[in-house]
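Reproduced below: final-v4.cif, with mmCIF, C-alpha atoms and all ligand atoms; chains and numbers go by the auth columns.
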data_structure
#
loop_
_atom_site.group_PDB
_atom_site.id
_atom_site.type_symbol
_atom_site.label_atom_id
_atom_site.label_comp_id
_atom_site.label_asym_id
_atom_site.label_seq_id
_atom_site.Cartn_x
_atom_site.Cartn_y
_atom_site.Cartn_z
_atom_site.B_iso_or_equiv
_atom_site.auth_seq_id
_atom_site.auth_asym_id
ATOM 1 C CA MET A 1 2.482 4.706 6.091 0.00 30 A
ATOM 2 C CA ASP A 2 3.372 8.277 6.914 0.00 31 A
ATOM 3 C CA PRO A 3 1.157 10.053 4.367 0.00 32 A
ATOM 4 C CA SER A 4 2.052 13.671 3.763 0.00 33 A
ATOM 5 C CA PRO A 5 0.159 16.739 2.531 0.00 34 A
ATOM 6 C CA ALA A 6 -1.073 16.701 -1.068 0.00 35 A
ATOM 7 C CA GLN A 7 -0.456 12.975 -1.559 0.00 36 A
ATOM 8 C CA GLN A 8 -2.827 10.708 -3.457 0.00 37 A
ATOM 9 C CA ILE A 9 -3.678 7.592 -1.423 0.00 38 A
ATOM 10 C CA LEU A 10 -5.349 4.448 -2.717 0.00 39 A
ATOM 11 C CA ASP A 11 -7.640 2.748 -0.178 0.00 40 A
ATOM 12 C CA VAL A 12 -8.138 -0.837 -1.380 0.00 41 A
ATOM 13 C CA GLY A 13 -11.439 -2.312 -0.198 0.00 42 A
ATOM 14 C CA CYS A 14 -12.279 1.047 1.371 0.00 43 A
ATOM 15 C CA GLY A 15 -15.672 -0.122 2.651 0.00 44 A
ATOM 16 C CA THR A 16 -17.635 2.712 4.233 0.00 45 A
ATOM 17 C CA GLY A 17 -14.564 4.942 4.310 0.00 46 A
ATOM 18 C CA LEU A 18 -13.576 4.456 7.941 0.00 47 A
ATOM 19 C CA ASN A 19 -9.951 5.287 7.079 0.00 48 A
ATOM 20 C CA PHE A 20 -10.771 8.530 5.301 0.00 49 A
ATOM 21 C CA SER A 21 -10.878 10.810 8.311 0.00 50 A
ATOM 22 C CA LEU A 22 -7.349 9.877 9.470 0.00 51 A
ATOM 23 C CA LEU A 23 -6.051 10.097 5.914 0.00 52 A
ATOM 24 C CA GLN A 24 -7.640 13.511 5.378 0.00 53 A
ATOM 25 C CA ARG A 25 -5.858 14.833 8.474 0.00 54 A
ATOM 26 C CA ARG A 26 -2.518 13.939 6.894 0.00 55 A
ATOM 27 C CA ILE A 27 -3.042 14.704 3.197 0.00 56 A
ATOM 28 C CA GLY A 28 -5.226 17.800 3.593 0.00 57 A
ATOM 29 C CA PRO A 29 -7.565 19.291 0.997 0.00 58 A
ATOM 30 C CA THR A 30 -4.932 19.215 -1.748 0.00 59 A
ATOM 31 C CA GLY A 31 -4.467 15.461 -1.386 0.00 60 A
ATOM 32 C CA ILE A 32 -6.715 12.844 -2.967 0.00 61 A
ATOM 33 C CA ILE A 33 -8.197 9.624 -1.630 0.00 62 A
ATOM 34 C CA VAL A 34 -9.058 6.971 -4.197 0.00 63 A
ATOM 35 C CA GLY A 35 -11.340 4.371 -2.628 0.00 64 A
ATOM 36 C CA ILE A 36 -11.945 1.132 -4.495 0.00 65 A
ATOM 37 C CA ASP A 37 -14.519 -1.396 -3.356 0.00 66 A
ATOM 38 C CA ARG A 38 -16.585 -4.039 -5.101 0.00 67 A
ATOM 39 C CA SER A 39 -19.671 -3.381 -2.980 0.00 68 A
ATOM 40 C CA PRO A 40 -22.067 -0.637 -4.146 0.00 69 A
ATOM 41 C CA GLN A 41 -23.643 -0.581 -0.679 0.00 70 A
ATOM 42 C CA MET A 42 -20.295 0.100 1.001 0.00 71 A
ATOM 43 C CA LEU A 43 -19.464 2.772 -1.553 0.00 72 A
ATOM 44 C CA HIS A 44 -22.846 4.409 -1.033 0.00 73 A
ATOM 45 C CA ARG A 45 -21.992 4.806 2.659 0.00 74 A
ATOM 46 C CA ALA A 46 -18.482 6.014 1.832 0.00 75 A
ATOM 47 C CA ARG A 47 -19.975 8.605 -0.527 0.00 76 A
ATOM 48 C CA ARG A 48 -22.369 9.768 2.180 0.00 77 A
ATOM 49 C CA ARG A 49 -19.470 10.033 4.636 0.00 78 A
ATOM 50 C CA ALA A 50 -17.470 12.157 2.179 0.00 79 A
ATOM 51 C CA ALA A 51 -20.475 14.401 1.495 0.00 80 A
ATOM 52 C CA ALA A 52 -21.222 14.834 5.201 0.00 81 A
ATOM 53 C CA HIS A 53 -17.662 16.064 5.791 0.00 82 A
ATOM 54 C CA GLY A 54 -17.549 18.180 2.653 0.00 83 A
ATOM 55 C CA TRP A 55 -14.582 16.192 1.282 0.00 84 A
ATOM 56 C CA ASP A 56 -14.508 16.882 -2.442 0.00 85 A
ATOM 57 C CA ASN A 57 -11.128 15.173 -2.836 0.00 86 A
ATOM 58 C CA VAL A 58 -12.462 11.598 -2.642 0.00 87 A
ATOM 59 C CA ILE A 59 -12.737 9.480 -5.789 0.00 88 A
ATOM 60 C CA LEU A 60 -14.788 6.307 -5.290 0.00 89 A
ATOM 61 C CA ILE A 61 -14.689 3.452 -7.763 0.00 90 A
ATOM 62 C CA GLN A 62 -16.715 0.267 -7.790 0.00 91 A
ATOM 63 C CA ALA A 63 -14.469 -2.552 -8.945 0.00 92 A
ATOM 64 C CA ASP A 64 -13.277 -6.003 -7.948 0.00 93 A
ATOM 65 C CA MET A 65 -9.582 -5.712 -7.127 0.00 94 A
ATOM 66 C CA THR A 66 -8.930 -9.255 -8.333 0.00 95 A
ATOM 67 C CA THR A 67 -10.384 -8.800 -11.810 0.00 96 A
ATOM 68 C CA LEU A 68 -10.101 -5.091 -12.629 0.00 97 A
ATOM 69 C CA ASP A 69 -8.031 -3.774 -15.495 0.00 98 A
ATOM 70 C CA PRO A 70 -5.538 -1.297 -13.959 0.00 99 A
ATOM 71 C CA SER A 71 -5.291 0.719 -17.174 0.00 100 A
ATOM 72 C CA ILE A 72 -9.078 1.269 -17.248 0.00 101 A
ATOM 73 C CA ILE A 73 -9.171 2.160 -13.542 0.00 102 A
ATOM 74 C CA GLY A 74 -6.130 4.430 -13.984 0.00 103 A
ATOM 75 C CA ALA A 75 -7.888 6.255 -16.823 0.00 104 A
ATOM 76 C CA HIS A 76 -11.000 6.612 -14.660 0.00 105 A
ATOM 77 C CA ILE A 77 -8.938 8.107 -11.822 0.00 106 A
ATOM 78 C CA ARG A 78 -7.282 10.556 -14.248 0.00 107 A
ATOM 79 C CA ASP A 79 -10.656 11.550 -15.713 0.00 108 A
ATOM 80 C CA SER A 80 -11.887 12.200 -12.149 0.00 109 A
ATOM 81 C CA GLY A 81 -9.033 14.624 -11.486 0.00 110 A
ATOM 82 C CA GLY A 82 -6.453 12.287 -9.965 0.00 111 A
ATOM 83 C CA SER A 83 -3.191 10.786 -11.119 0.00 112 A
ATOM 84 C CA THR A 84 -2.888 7.329 -12.669 0.00 113 A
ATOM 85 C CA ALA A 85 -0.135 6.521 -10.139 0.00 114 A
ATOM 86 C CA SER A 86 -0.974 6.985 -6.451 0.00 115 A
ATOM 87 C CA GLU A 87 1.812 7.786 -3.985 0.00 116 A
ATOM 88 C CA ALA A 88 0.619 5.414 -1.276 0.00 117 A
ATOM 89 C CA ALA A 89 -1.892 2.637 -0.667 0.00 118 A
ATOM 90 C CA LEU A 90 -3.481 0.888 2.233 0.00 119 A
ATOM 91 C CA ALA A 91 -5.578 -2.238 2.544 0.00 120 A
ATOM 92 C CA THR A 92 -7.191 -2.690 5.942 0.00 121 A
ATOM 93 C CA TYR A 93 -9.037 -5.969 6.568 0.00 122 A
ATOM 94 C CA SER A 94 -9.749 -6.330 2.864 0.00 123 A
ATOM 95 C CA LEU A 95 -7.108 -8.534 1.201 0.00 124 A
ATOM 96 C CA SER A 96 -7.971 -11.562 3.380 0.00 125 A
ATOM 97 C CA LEU A 97 -11.506 -11.362 1.960 0.00 126 A
ATOM 98 C CA MET A 98 -10.206 -11.818 -1.578 0.00 127 A
ATOM 99 C CA PRO A 99 -9.528 -15.457 -2.534 0.00 128 A
ATOM 100 C CA HIS A 100 -6.960 -14.287 -5.096 0.00 129 A
ATOM 101 C CA TRP A 101 -5.420 -11.534 -2.992 0.00 130 A
ATOM 102 C CA GLY A 102 -2.087 -11.929 -4.831 0.00 131 A
ATOM 103 C CA THR A 103 -3.781 -10.709 -8.002 0.00 132 A
ATOM 104 C CA ALA A 104 -5.348 -7.830 -6.067 0.00 133 A
ATOM 105 C CA TRP A 105 -1.877 -6.931 -4.743 0.00 134 A
ATOM 106 C CA LYS A 106 -0.457 -6.952 -8.275 0.00 135 A
ATOM 107 C CA ASN A 107 -3.303 -4.762 -9.562 0.00 136 A
ATOM 108 C CA MET A 108 -2.850 -2.400 -6.618 0.00 137 A
ATOM 109 C CA THR A 109 0.876 -1.977 -7.218 0.00 138 A
ATOM 110 C CA THR A 110 0.239 -1.306 -10.911 0.00 139 A
ATOM 111 C CA LEU A 111 -1.836 1.682 -9.798 0.00 140 A
ATOM 112 C CA LEU A 112 1.055 3.028 -7.679 0.00 141 A
ATOM 113 C CA ARG A 113 4.248 4.950 -8.213 0.00 142 A
ATOM 114 C CA GLY A 114 7.362 2.816 -8.186 0.00 143 A
ATOM 115 C CA ASP A 115 8.386 4.216 -4.780 0.00 144 A
ATOM 116 C CA ALA A 116 4.929 4.254 -3.171 0.00 145 A
ATOM 117 C CA ARG A 117 4.378 3.477 0.490 0.00 146 A
ATOM 118 C CA ILE A 118 2.015 0.564 1.180 0.00 147 A
ATOM 119 C CA CYS A 119 0.338 -0.459 4.413 0.00 148 A
ATOM 120 C CA VAL A 120 -1.525 -3.727 4.987 0.00 149 A
ATOM 121 C CA VAL A 121 -3.555 -4.436 8.118 0.00 150 A
ATOM 122 C CA ASP A 122 -5.103 -7.871 8.435 0.00 151 A
ATOM 123 C CA MET A 123 -5.831 -10.774 10.750 0.00 152 A
ATOM 124 C CA GLN A 124 -4.262 -14.027 11.844 0.00 153 A
ATOM 125 C CA ASP A 125 -4.743 -16.446 14.737 0.00 154 A
ATOM 126 C CA PRO A 126 -3.961 -14.833 18.094 0.00 155 A
ATOM 127 C CA ILE A 127 -0.621 -16.033 19.472 0.00 156 A
ATOM 128 C CA GLY A 128 1.126 -16.493 22.828 0.00 157 A
ATOM 129 C CA ARG A 129 -1.082 -16.030 25.853 0.00 158 A
ATOM 130 C CA ALA A 130 -3.978 -14.941 23.590 0.00 159 A
ATOM 131 C CA ARG A 131 -3.835 -18.264 21.711 0.00 160 A
ATOM 132 C CA TRP A 132 -6.910 -19.571 23.494 0.00 161 A
ATOM 133 C CA LEU A 133 -8.942 -16.952 21.613 0.00 162 A
ATOM 134 C CA ALA A 134 -8.042 -18.543 18.246 0.00 163 A
ATOM 135 C CA PRO A 135 -11.337 -20.461 17.810 0.00 164 A
ATOM 136 C CA LEU A 136 -13.277 -17.255 18.411 0.00 165 A
ATOM 137 C CA ALA A 137 -11.102 -15.307 15.963 0.00 166 A
ATOM 138 C CA ARG A 138 -11.472 -18.059 13.362 0.00 167 A
ATOM 139 C CA LEU A 139 -15.228 -18.088 13.758 0.00 168 A
ATOM 140 C CA ALA A 140 -15.461 -14.292 13.447 0.00 169 A
ATOM 141 C CA CYS A 141 -13.298 -14.333 10.294 0.00 170 A
ATOM 142 C CA ALA A 142 -15.231 -17.223 8.766 0.00 171 A
ATOM 143 C CA LEU A 143 -18.547 -15.456 9.418 0.00 172 A
ATOM 144 C CA GLY A 144 -17.172 -12.300 7.793 0.00 173 A
ATOM 145 C CA GLY A 145 -15.825 -14.254 4.809 0.00 174 A
ATOM 146 C CA ALA A 146 -12.145 -13.618 5.605 0.00 175 A
ATOM 147 C CA ASP A 147 -9.417 -16.255 5.281 0.00 176 A
ATOM 148 C CA ILE A 148 -7.515 -16.018 8.575 0.00 177 A
ATOM 149 C CA THR A 149 -4.661 -18.035 7.056 0.00 178 A
ATOM 150 C CA ALA A 150 -4.118 -15.666 4.103 0.00 179 A
ATOM 151 C CA HIS A 151 -1.504 -13.457 5.856 0.00 180 A
ATOM 152 C CA PRO A 152 -1.467 -10.910 2.994 0.00 181 A
ATOM 153 C CA TRP A 153 1.058 -8.669 4.776 0.00 182 A
ATOM 154 C CA ARG A 154 3.648 -11.177 3.533 0.00 183 A
ATOM 155 C CA ALA A 155 3.540 -9.282 0.245 0.00 184 A
ATOM 156 C CA VAL A 156 4.838 -6.163 2.020 0.00 185 A
ATOM 157 C CA GLU A 157 7.610 -8.191 3.662 0.00 186 A
ATOM 158 C CA GLU A 158 8.557 -9.906 0.415 0.00 187 A
ATOM 159 C CA THR A 159 8.382 -7.042 -2.059 0.00 188 A
ATOM 160 C CA CYS A 160 8.905 -3.790 -0.144 0.00 189 A
ATOM 161 C CA THR A 161 11.912 -2.137 1.449 0.00 190 A
ATOM 162 C CA ASP A 162 12.012 -0.102 4.644 0.00 191 A
ATOM 163 C CA VAL A 163 9.415 -2.419 6.232 0.00 192 A
ATOM 164 C CA THR A 164 7.980 -1.653 9.660 0.00 193 A
ATOM 165 C CA SER A 165 5.858 -4.166 11.584 0.00 194 A
ATOM 166 C CA ALA A 166 3.399 -3.933 14.412 0.00 195 A
ATOM 167 C CA SER A 167 0.723 -6.123 15.901 0.00 196 A
ATOM 168 C CA THR A 168 -1.991 -5.823 18.475 0.00 197 A
ATOM 169 C CA ARG A 169 -4.818 -7.828 20.095 0.00 198 A
ATOM 170 C CA GLY A 170 -2.574 -10.738 21.006 0.00 199 A
ATOM 171 C CA GLY A 171 -1.078 -10.843 17.528 0.00 200 A
ATOM 172 C CA HIS A 172 -4.524 -11.141 15.926 0.00 201 A
ATOM 173 C CA LEU A 173 -4.085 -7.861 14.062 0.00 202 A
ATOM 174 C CA GLN A 174 -0.938 -7.616 11.966 0.00 203 A
ATOM 175 C CA ILE A 175 0.277 -4.349 10.472 0.00 204 A
ATOM 176 C CA ARG A 176 3.035 -3.923 7.909 0.00 205 A
ATOM 177 C CA ALA A 177 4.141 -0.821 6.072 0.00 206 A
ATOM 178 C CA GLY A 178 6.868 -0.577 3.490 0.00 207 A
ATOM 179 C CA ARG A 179 8.024 1.085 0.314 0.00 208 A
ATOM 180 C CA LEU A 180 7.835 -0.342 -3.182 0.00 209 A
ATOM 181 C CA SER A 181 11.167 -0.313 -4.933 0.00 210 A
ATOM 182 C CA ARG A 182 10.163 -0.743 -8.523 0.00 211 A
ATOM 183 C CA PRO A 183 12.054 1.275 -11.108 0.00 212 A
ATOM 184 C CA THR A 184 9.825 4.101 -12.358 0.00 213 A
ATOM 185 C CA THR A 185 9.414 3.899 -16.114 0.00 214 A
HETATM 186 C C1 LIG B . -13.947 -5.743 6.344 0.00 1 B
HETATM 187 S S1 LIG B . -14.254 -4.505 5.144 0.00 1 B
HETATM 188 C C2 LIG B . -12.992 -3.317 5.536 0.00 1 B
HETATM 189 C C3 LIG B . -13.328 -1.962 5.061 0.00 1 B
HETATM 190 C C4 LIG B . -12.275 -0.885 5.368 0.00 1 B
HETATM 191 N N1 LIG B . -11.009 -1.166 4.717 0.00 1 B
HETATM 192 C C5 LIG B . -12.087 -0.716 6.831 0.00 1 B
HETATM 193 O O1 LIG B . -10.990 -0.991 7.350 0.00 1 B
HETATM 194 O O2 LIG B . -13.039 -0.288 7.485 0.00 1 B
HETATM 195 C C6 LIG B . -13.634 -5.240 3.645 0.00 1 B
HETATM 196 C C7 LIG B . -14.047 -4.526 2.382 0.00 1 B
HETATM 197 O O3 LIG B . -13.367 -5.127 1.279 0.00 1 B
HETATM 198 C C8 LIG B . -14.257 -5.143 0.182 0.00 1 B
HETATM 199 N N2 LIG B . -13.844 -6.186 -0.751 0.00 1 B
HETATM 200 C C9 LIG B . -13.847 -7.535 -0.538 0.00 1 B
HETATM 201 N N3 LIG B . -13.423 -8.178 -1.626 0.00 1 B
HETATM 202 C C10 LIG B . -13.143 -7.236 -2.558 0.00 1 B
HETATM 203 C C11 LIG B . -12.653 -7.271 -3.889 0.00 1 B
HETATM 204 N N4 LIG B . -12.381 -8.435 -4.488 0.00 1 B
HETATM 205 N N5 LIG B . -12.464 -6.096 -4.542 0.00 1 B
HETATM 206 C C12 LIG B . -12.755 -4.927 -3.941 0.00 1 B
HETATM 207 N N6 LIG B . -13.212 -4.822 -2.687 0.00 1 B
HETATM 208 C C13 LIG B . -13.407 -5.961 -1.992 0.00 1 B
HETATM 209 C C14 LIG B . -15.621 -5.418 0.817 0.00 1 B
HETATM 210 O O4 LIG B . -16.672 -5.031 -0.040 0.00 1 B
HETATM 211 C C15 LIG B . -15.521 -4.587 2.086 0.00 1 B
HETATM 212 O O5 LIG B . -16.042 -3.300 1.908 0.00 1 B
#

Using structure tokens, write down the structure that the file contains.
Amino acid sequence: MDPSPAQQILDVGCGTGLNFSLLQRRIGPTGIIVGIDRSPQMLHRARRRAAAHGWDNVILIQADMTTLDPSIIGAHIRDSGGSTASEAALATYSLSLMPHWGTAWKNMTTLLRGDARICVVDMQDPIGRARWLAPLARLACALGGADITAHPWRAVEETCTDVTSASTRGGHLQIRAGRLSRPTT
């Protein structure tokens, strides 16, 4: 994703804010993290994490990515001191939990600059020599409510330029980063 100082990053399905610490190291105190999650419990923990670290550059919003109105969320971000168009976004282990992740992707990109960087990390069946672990991976995903067949990183491959790919854990974890190339209006 390569976030740089002072950037505003959207964390889609931010959960308890596990990504925040790494992001803060790159964007610094003049950057902004916008965390969106539908779960008030997760956001409560994310808020506590931000308070414990003294991060006053974190904007947390409770919303369902598949049904939110980007113009309302954009206005909320602006009223909280951020910009309506973030410079980068990441979605780690969240899109595969959303039955209509394509709609979530569309809403996310509406909240981004036309040249924003996007990173998706999500799960699929292990491959190659790790293939025998597939039943275990499927069970873990099913228990957590994730669709292991969703492969939401396809959206990065299909709509972004400058795409980089990585995978780990026998191909179970798939990582894609790329740049939107939408004309800025
Ligand atoms: C497995 S957790 C990952 C949290 C975080 N991204 C991380 O890597 O630690 C998935 C998160 O996505 C959130 N989520 C699931 N569906 C969502 C939706 N439709 N809109 C917003 N958030 C959603 C869940 O509430 C949960 O906090």

Using only C-alpha atoms, find each residue in segment 69-105 of chain A having at least one atom no more than 12 Å away from segment 139-159 of chain A; report its shortest atom-to-atom pair and that distance in Å (one decimal), rows by chain then rising number, as CSV.
residue,atom,partner,partner_atom,distance
A:Met94,CA,A:Leu140,CA,11.0
A:Leu97,CA,A:Leu140,CA,11.1
A:Asp98,CA,A:Thr139,CA,9.8
A:Pro99,CA,A:Leu140,CA,6.3
A:Ser100,CA,A:Leu140,CA,8.2
A:Ile101,CA,A:Leu140,CA,10.4
A:Ile102,CA,A:Leu140,CA,8.2
A:Gly103,CA,A:Leu140,CA,6.6
A:Ala104,CA,A:Leu140,CA,10.3
A:His105,CA,A:Leu140,CA,11.5

Once the PyMOL selection byres (((not hetatm)) within 7 of (chain B and resi 1)) has been applied to the shown file, what residues remain in the selection, as a list in words?
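Applied to this file, the PyMOL selection byres (((not hetatm)) within 7 of (chain B and resi 1)) returns Val41, Gly42, Cys43, Gly44, Thr45, Gly46, Leu47, Asn48, Ile65, Asp66, Arg67, Ser68, Met71, Ala92, Asp93, Met94, Thr95, Ala120, Thr121, Tyr122, Ser123, Leu124, Leu126 and Met127 of chain A.
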
Go ahead and save the picked residues with C-alpha atoms, as a compact mmCIF listing (two decimals), in the frame of the given file.
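Saved as again20.txt:
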# COMPACT_ATOMS: atom_id res chain seq x y z
CA VAL A 41 -8.14 -0.84 -1.38
CA GLY A 42 -11.44 -2.31 -0.20
CA CYS A 43 -12.28 1.05 1.37
CA GLY A 44 -15.67 -0.12 2.65
CA THR A 45 -17.64 2.71 4.23
CA GLY A 46 -14.56 4.94 4.31
CA LEU A 47 -13.58 4.46 7.94
CA ASN A 48 -9.95 5.29 7.08
CA ILE A 65 -11.94 1.13 -4.50
CA ASP A 66 -14.52 -1.40 -3.36
CA ARG A 67 -16.58 -4.04 -5.10
CA SER A 68 -19.67 -3.38 -2.98
CA MET A 71 -20.30 0.10 1.00
CA ALA A 92 -14.47 -2.55 -8.94
CA ASP A 93 -13.28 -6.00 -7.95
CA MET A 94 -9.58 -5.71 -7.13
CA THR A 95 -8.93 -9.26 -8.33
CA ALA A 120 -5.58 -2.24 2.54
CA THR A 121 -7.19 -2.69 5.94
CA TYR A 122 -9.04 -5.97 6.57
CA SER A 123 -9.75 -6.33 2.86
CA LEU A 124 -7.11 -8.53 1.20
CA LEU A 126 -11.51 -11.36 1.96
CA MET A 127 -10.21 -11.82 -1.58

Spatial neighbours of Ser33 of chain A, max dist 12 Å, only C-alpha atoms, sep filter under 3 positions, as a ChimeraX atom specification:
/A:30,36-38,51-61,116-117,146

Correct to one decimal, the distance atom CA of Thr113 of chain A-atom CA of Asn136 of chain A is 12.5 Å

Can you work out which one of A:Gly83, A:Pro128, A:Gly110, A:Gly199 has the shortest atom-to-atom distance to Leu162 of chain A, counting only C-alpha atoms?
A:Gly199
